[in-house]
Amino acid sequence: MSTQADDPPAAASRRSRVEWLESERALELAATLLLAFASVATAWSAYQSRQWSGEQATQTGHATAARISVNRATALAGRQLQIDVATFIEWVNAREEHHPALARFYATRFRPEFKPAFDAWIATRPFTNRAAPLTPFAMHRYRLQASRRADQLELTAATESQAAKDANERADNYMLAVVLFASALFFAGISTKLALPRMRAALLALGWVLFLGTVVWLVTLPVQLTT
């Protein structure tokens, strides 16, 4: 009779132990998977952060080179403008002093970019027409190729600078992901050291939430691969 009375408690104890073992296995599996996935995700995020840092350096170099070219083109445009102004002033002086041969001498030495604007200005009869532009430099036809190139290079430099800023931001985002994945690894590792199942489950749940939330965020970020 005593053996039959002890059977139900023994069966309940066995069931309790089986449930405890299953719970332990589930917690260990959850911790192992989190450690594995978070480790891979950490390595991937670190790789992407480095890739985007390299992209930032490349774009910064391009922007710097474009800025240097802008300065050169601007300096060239300034020199060309000075030449055009100087020859035009000499032409005006020769004309006013009634030296037609000298005026023709300067006129034949106008730069090709200045000549169309000068001809268009002369066509407005500036010496008798008060509505005419004051100088050829006010004409729309006066355009310096070096100046236009400087504007284009400035736009290129601005684009490259923005690309460098975007790459830097993406590198920072991936580095933040490294920190978040490392935190998930920390929670997974700590959970294996605790004896209380509820504490282990709570830390694992926190680690998984942090891991999955970071993965969802990473999906929205661009990827940079070395080819």
# chains A, B, ... in the order shown; residues from 1 in each chain; ligands from 1
>>> residues_around(residues="segment 89-94 of chain A", least_positions_apart="5", cutoff="9 Å", atoms="only C-alpha atoms", output="list in words")
Asp84, His99, Pro100, Ala101, Leu102, Ala103, Arg104, Phe105, Tyr106 and Ala107 of chain A
>>> write_last_selection(atoms="N, CA and C atoms", output="mmCIF file, in the first residue's frame")
data_model
loop_
_atom_site.group_PDB
_atom_site.id
_atom_site.type_symbol
_atom_site.label_atom_id
_atom_site.label_comp_id
_atom_site.auth_asym_id
_atom_site.auth_seq_id
_atom_site.Cartn_x
_atom_site.Cartn_y
_atom_site.Cartn_z
ATOM 1 N N ASP A 84 41.519 90.721 -70.525
ATOM 2 C CA ASP A 84 40.442 91.314 -71.326
ATOM 3 C C ASP A 84 40.202 92.765 -70.937
ATOM 4 N N HIS A 99 43.915 107.245 -82.432
ATOM 5 C CA HIS A 99 44.985 106.424 -82.997
ATOM 6 C C HIS A 99 44.354 105.142 -83.535
ATOM 7 N N PRO A 100 43.751 105.214 -84.723
ATOM 8 C CA PRO A 100 43.036 104.040 -85.250
ATOM 9 C C PRO A 100 43.939 102.827 -85.463
ATOM 10 N N ALA A 101 45.173 103.060 -85.887
ATOM 11 C CA ALA A 101 46.084 101.928 -86.094
ATOM 12 C C ALA A 101 46.358 101.212 -84.762
ATOM 13 N N LEU A 102 46.579 101.997 -83.724
ATOM 14 C CA LEU A 102 46.832 101.406 -82.411
ATOM 15 C C LEU A 102 45.572 100.714 -81.881
ATOM 16 N N ALA A 103 44.408 101.322 -82.143
ATOM 17 C CA ALA A 103 43.143 100.706 -81.711
ATOM 18 C C ALA A 103 42.949 99.360 -82.401
ATOM 19 N N ARG A 104 43.275 99.308 -83.712
ATOM 20 C CA ARG A 104 43.158 98.042 -84.429
ATOM 21 C C ARG A 104 44.168 97.020 -83.897
ATOM 22 N N PHE A 105 45.329 97.536 -83.510
ATOM 23 C CA PHE A 105 46.358 96.654 -82.946
ATOM 24 C C PHE A 105 45.821 95.921 -81.716
ATOM 25 N N TYR A 106 45.189 96.671 -80.820
ATOM 26 C CA TYR A 106 44.639 96.040 -79.607
ATOM 27 C C TYR A 106 43.427 95.166 -79.945
ATOM 28 N N ALA A 107 42.618 95.642 -80.888
ATOM 29 C CA ALA A 107 41.406 94.883 -81.238
ATOM 30 C C ALA A 107 41.751 93.512 -81.814
#
>>> residues_around(residues="Ala167 of chain A", least_positions_apart="2", cutoff="6 Å", atoms="only C-alpha atoms", output="list in words")
Trp52, Gln56, Ala164, Lys165, Glu169 and Arg170 of chain A
>>> closest_residue(among="A:Gly61, A:Leu134, A:Ser69, A:Ala31", to="Ser191 of chain A", atoms="only C-alpha atoms")
A:Ala31
>>> residues_around(residues="Leu203 of chain A", least_positions_apart="6", cutoff="8 Å", atoms="only C-alpha atoms", output="PyMOL selection string")
chain A and resi 187-188+190-191
>>> write_last_selection(atoms="N, CA and C atoms", output="PDB file, in the first residue's frame")
ATOM      1  N   PHE A 187      24.160  40.012 -22.952  1.00  0.00           N
ATOM      2  CA  PHE A 187      22.998  39.442 -22.262  1.00  0.00           C
ATOM      3  C   PHE A 187      22.942  37.923 -22.432  1.00  0.00           C
ATOM      4  N   ALA A 188      23.284  37.447 -23.632  1.00  0.00           N
ATOM      5  CA  ALA A 188      23.280  36.008 -23.863  1.00  0.00           C
ATOM      6  C   ALA A 188      24.334  35.310 -23.017  1.00  0.00           C
ATOM      7  N   ILE A 190      25.724  36.429 -20.143  1.00  0.00           N
ATOM      8  CA  ILE A 190      25.387  36.517 -18.718  1.00  0.00           C
ATOM      9  C   ILE A 190      24.297  35.517 -18.353  1.00  0.00           C
ATOM     10  N   SER A 191      23.352  35.305 -19.273  1.00  0.00           N
ATOM     11  CA  SER A 191      22.239  34.400 -18.968  1.00  0.00           C
ATOM     12  C   SER A 191      22.723  32.982 -18.685  1.00  0.00           C
TER      13      SER A 191
END
>>> select_by_dssp(residues="chain A", states="alpha helix (DSSP H)", output="number ranges by chain")
A: 2-96, 100-107, 115-123, 145-191, 197-219
>>> residues_around(residues="Leu155 of chain A", least_positions_apart="6", cutoff="12 Å", atoms="only C-alpha atoms", output="short mmCIF file (atom, residue, chain, number, x, y, z; two decimals) with N, CA and C atoms, in the first residue's frame")
data_model
loop_
_atom_site.label_atom_id
_atom_site.label_comp_id
_atom_site.auth_asym_id
_atom_site.auth_seq_id
_atom_site.Cartn_x
_atom_site.Cartn_y
_atom_site.Cartn_z
N ALA A 63 36.58 65.10 -53.28
CA ALA A 63 36.11 66.46 -53.02
C ALA A 63 37.28 67.43 -52.90
N ALA A 66 38.67 68.12 -56.29
CA ALA A 66 37.78 69.03 -57.02
C ALA A 66 37.94 70.46 -56.53
N ARG A 67 38.12 70.63 -55.22
CA ARG A 67 38.31 71.98 -54.66
C ARG A 67 39.60 72.60 -55.20
N SER A 69 40.99 71.91 -58.06
CA SER A 69 40.72 72.26 -59.46
C SER A 69 39.86 73.52 -59.57
N VAL A 70 38.93 73.69 -58.63
CA VAL A 70 38.11 74.91 -58.60
C VAL A 70 39.00 76.14 -58.42
N ARG A 148 33.09 78.89 -66.14
CA ARG A 148 32.06 77.85 -66.19
C ARG A 148 32.60 76.53 -65.65
N ARG A 149 33.86 76.24 -65.96
CA ARG A 149 34.46 75.01 -65.44
C ARG A 149 34.57 75.07 -63.92
N SER A 161 31.48 66.02 -51.40
CA SER A 161 31.48 66.30 -49.96
C SER A 161 30.25 65.72 -49.29
N GLN A 162 29.10 65.85 -49.96
CA GLN A 162 27.87 65.29 -49.40
C GLN A 162 27.95 63.77 -49.36
#
>>> atom_distance(atom1="atom CA of Thr214 of chain A", atom2="atom CA of Glu160 of chain A")
29.2 Å
>>> residues_around(residues="Ala30 of chain A", least_positions_apart="4", cutoff="9 Å", atoms="only C-alpha atoms", output="number ranges by chain")
A: 25-26, 34-35, 188, 204, 208
>>> write_last_selection(atoms="C-alpha atoms", output="PDB file, in the first residue's frame")
ATOM      1  CA  ARG A  25      17.479  22.908 -23.050  1.00  0.00           C
ATOM      2  CA  ALA A  26      15.231  25.650 -24.457  1.00  0.00           C
ATOM      3  CA  LEU A  34      21.653  34.322 -29.889  1.00  0.00           C
ATOM      4  CA  LEU A  35      25.400  34.037 -29.330  1.00  0.00           C
ATOM      5  CA  ALA A 188      23.280  36.008 -23.863  1.00  0.00           C
ATOM      6  CA  LEU A 204      17.615  36.212 -23.101  1.00  0.00           C
ATOM      7  CA  TRP A 208      16.727  38.742 -28.508  1.00  0.00           C
TER       8      TRP A 208
END
>>> residues_around(residues="Leu176 of chain A", least_positions_apart="4", cutoff="10 Å", atoms="only C-alpha atoms", output="PyMOL selection string")
chain A and resi 45-46+49+170-172+180-182+214
>>> write_last_selection(atoms="N, CA and C atoms", output="mmCIF file, in the first residue's frame")
data_model
loop_
_atom_site.group_PDB
_atom_site.id
_atom_site.type_symbol
_atom_site.label_atom_id
_atom_site.label_comp_id
_atom_site.auth_asym_id
_atom_site.auth_seq_id
_atom_site.Cartn_x
_atom_site.Cartn_y
_atom_site.Cartn_z
ATOM 1 N N SER A 45 28.568 43.948 -39.193
ATOM 2 C CA SER A 45 28.424 45.387 -38.952
ATOM 3 C C SER A 45 29.793 46.066 -38.885
ATOM 4 N N ALA A 46 30.753 45.387 -38.244
ATOM 5 C CA ALA A 46 32.107 45.951 -38.181
ATOM 6 C C ALA A 46 32.706 46.050 -39.585
ATOM 7 N N SER A 49 31.036 48.949 -41.377
ATOM 8 C CA SER A 49 31.524 50.221 -40.846
ATOM 9 C C SER A 49 32.880 50.572 -41.454
ATOM 10 N N ARG A 170 26.798 56.570 -42.391
ATOM 11 C CA ARG A 170 26.524 55.136 -42.487
ATOM 12 C C ARG A 170 27.547 54.329 -41.697
ATOM 13 N N ALA A 171 28.809 54.770 -41.738
ATOM 14 C CA ALA A 171 29.833 54.091 -40.938
ATOM 15 C C ALA A 171 29.503 54.194 -39.451
ATOM 16 N N ASP A 172 29.036 55.362 -39.020
ATOM 17 C CA ASP A 172 28.644 55.540 -37.618
ATOM 18 C C ASP A 172 27.444 54.659 -37.267
ATOM 19 N N LEU A 180 25.262 47.563 -30.336
ATOM 20 C CA LEU A 180 23.989 46.935 -29.978
ATOM 21 C C LEU A 180 24.091 45.410 -30.027
ATOM 22 N N PHE A 181 24.740 44.875 -31.051
ATOM 23 C CA PHE A 181 24.917 43.423 -31.137
ATOM 24 C C PHE A 181 25.818 42.926 -30.008
ATOM 25 N N ALA A 182 26.827 43.701 -29.680
ATOM 26 C CA ALA A 182 27.693 43.315 -28.560
ATOM 27 C C ALA A 182 26.907 43.285 -27.253
ATOM 28 N N THR A 214 17.735 45.481 -33.883
ATOM 29 C CA THR A 214 18.897 45.996 -34.616
ATOM 30 C C THR A 214 18.953 45.414 -36.024
#
>>> closest_residue(among="A:Trp121, A:Tyr174, A:Trp217, A:Phe137", to="Ser53 of chain A", atoms="only C-alpha atoms")
A:Tyr174
>>> atom_distance(atom1="atom CA of Thr74 of chain A", atom2="atom CA of Thr159 of chain A")
18.6 Å
>>> closest_residue(among="A:Gln80, A:Gln224, A:Thr58, A:Ser39", to="Arg143 of chain A", atoms="only C-alpha atoms")
A:Gln80
>>> closest_residue(among="A:Ile68, A:Val216, A:Val40, A:Ala73", to="Ala150 of chain A", atoms="only C-alpha atoms")
A:Ala73
>>> residues_around(residues="Arg141 of chain A", least_positions_apart="4", cutoff="10 Å", atoms="only C-alpha atoms", output="number ranges by chain")
A: 113-121, 136-137
>>> write_last_selection(atoms="C-alpha atoms", output="PDB file, in the first residue's frame")
ATOM      1  CA  GLU A 113      36.291  84.599 -75.651  1.00  0.00           C
ATOM      2  CA  PHE A 114      36.192  88.388 -75.442  1.00  0.00           C
ATOM      3  CA  LYS A 115      35.857  89.129 -79.163  1.00  0.00           C
ATOM      4  CA  PRO A 116      32.177  88.016 -79.585  1.00  0.00           C
ATOM      5  CA  ALA A 117      31.111  90.088 -76.594  1.00  0.00           C
ATOM      6  CA  PHE A 118      33.050  93.087 -77.898  1.00  0.00           C
ATOM      7  CA  ASP A 119      31.484  92.802 -81.358  1.00  0.00           C
ATOM      8  CA  ALA A 120      28.012  92.515 -79.840  1.00  0.00           C
ATOM      9  CA  TRP A 121      28.737  95.564 -77.667  1.00  0.00           C
ATOM     10  CA  PRO A 136      31.378  94.450 -73.213  1.00  0.00           C
ATOM     11  CA  PHE A 137      31.718  92.653 -69.886  1.00  0.00           C
TER      12      PHE A 137
END
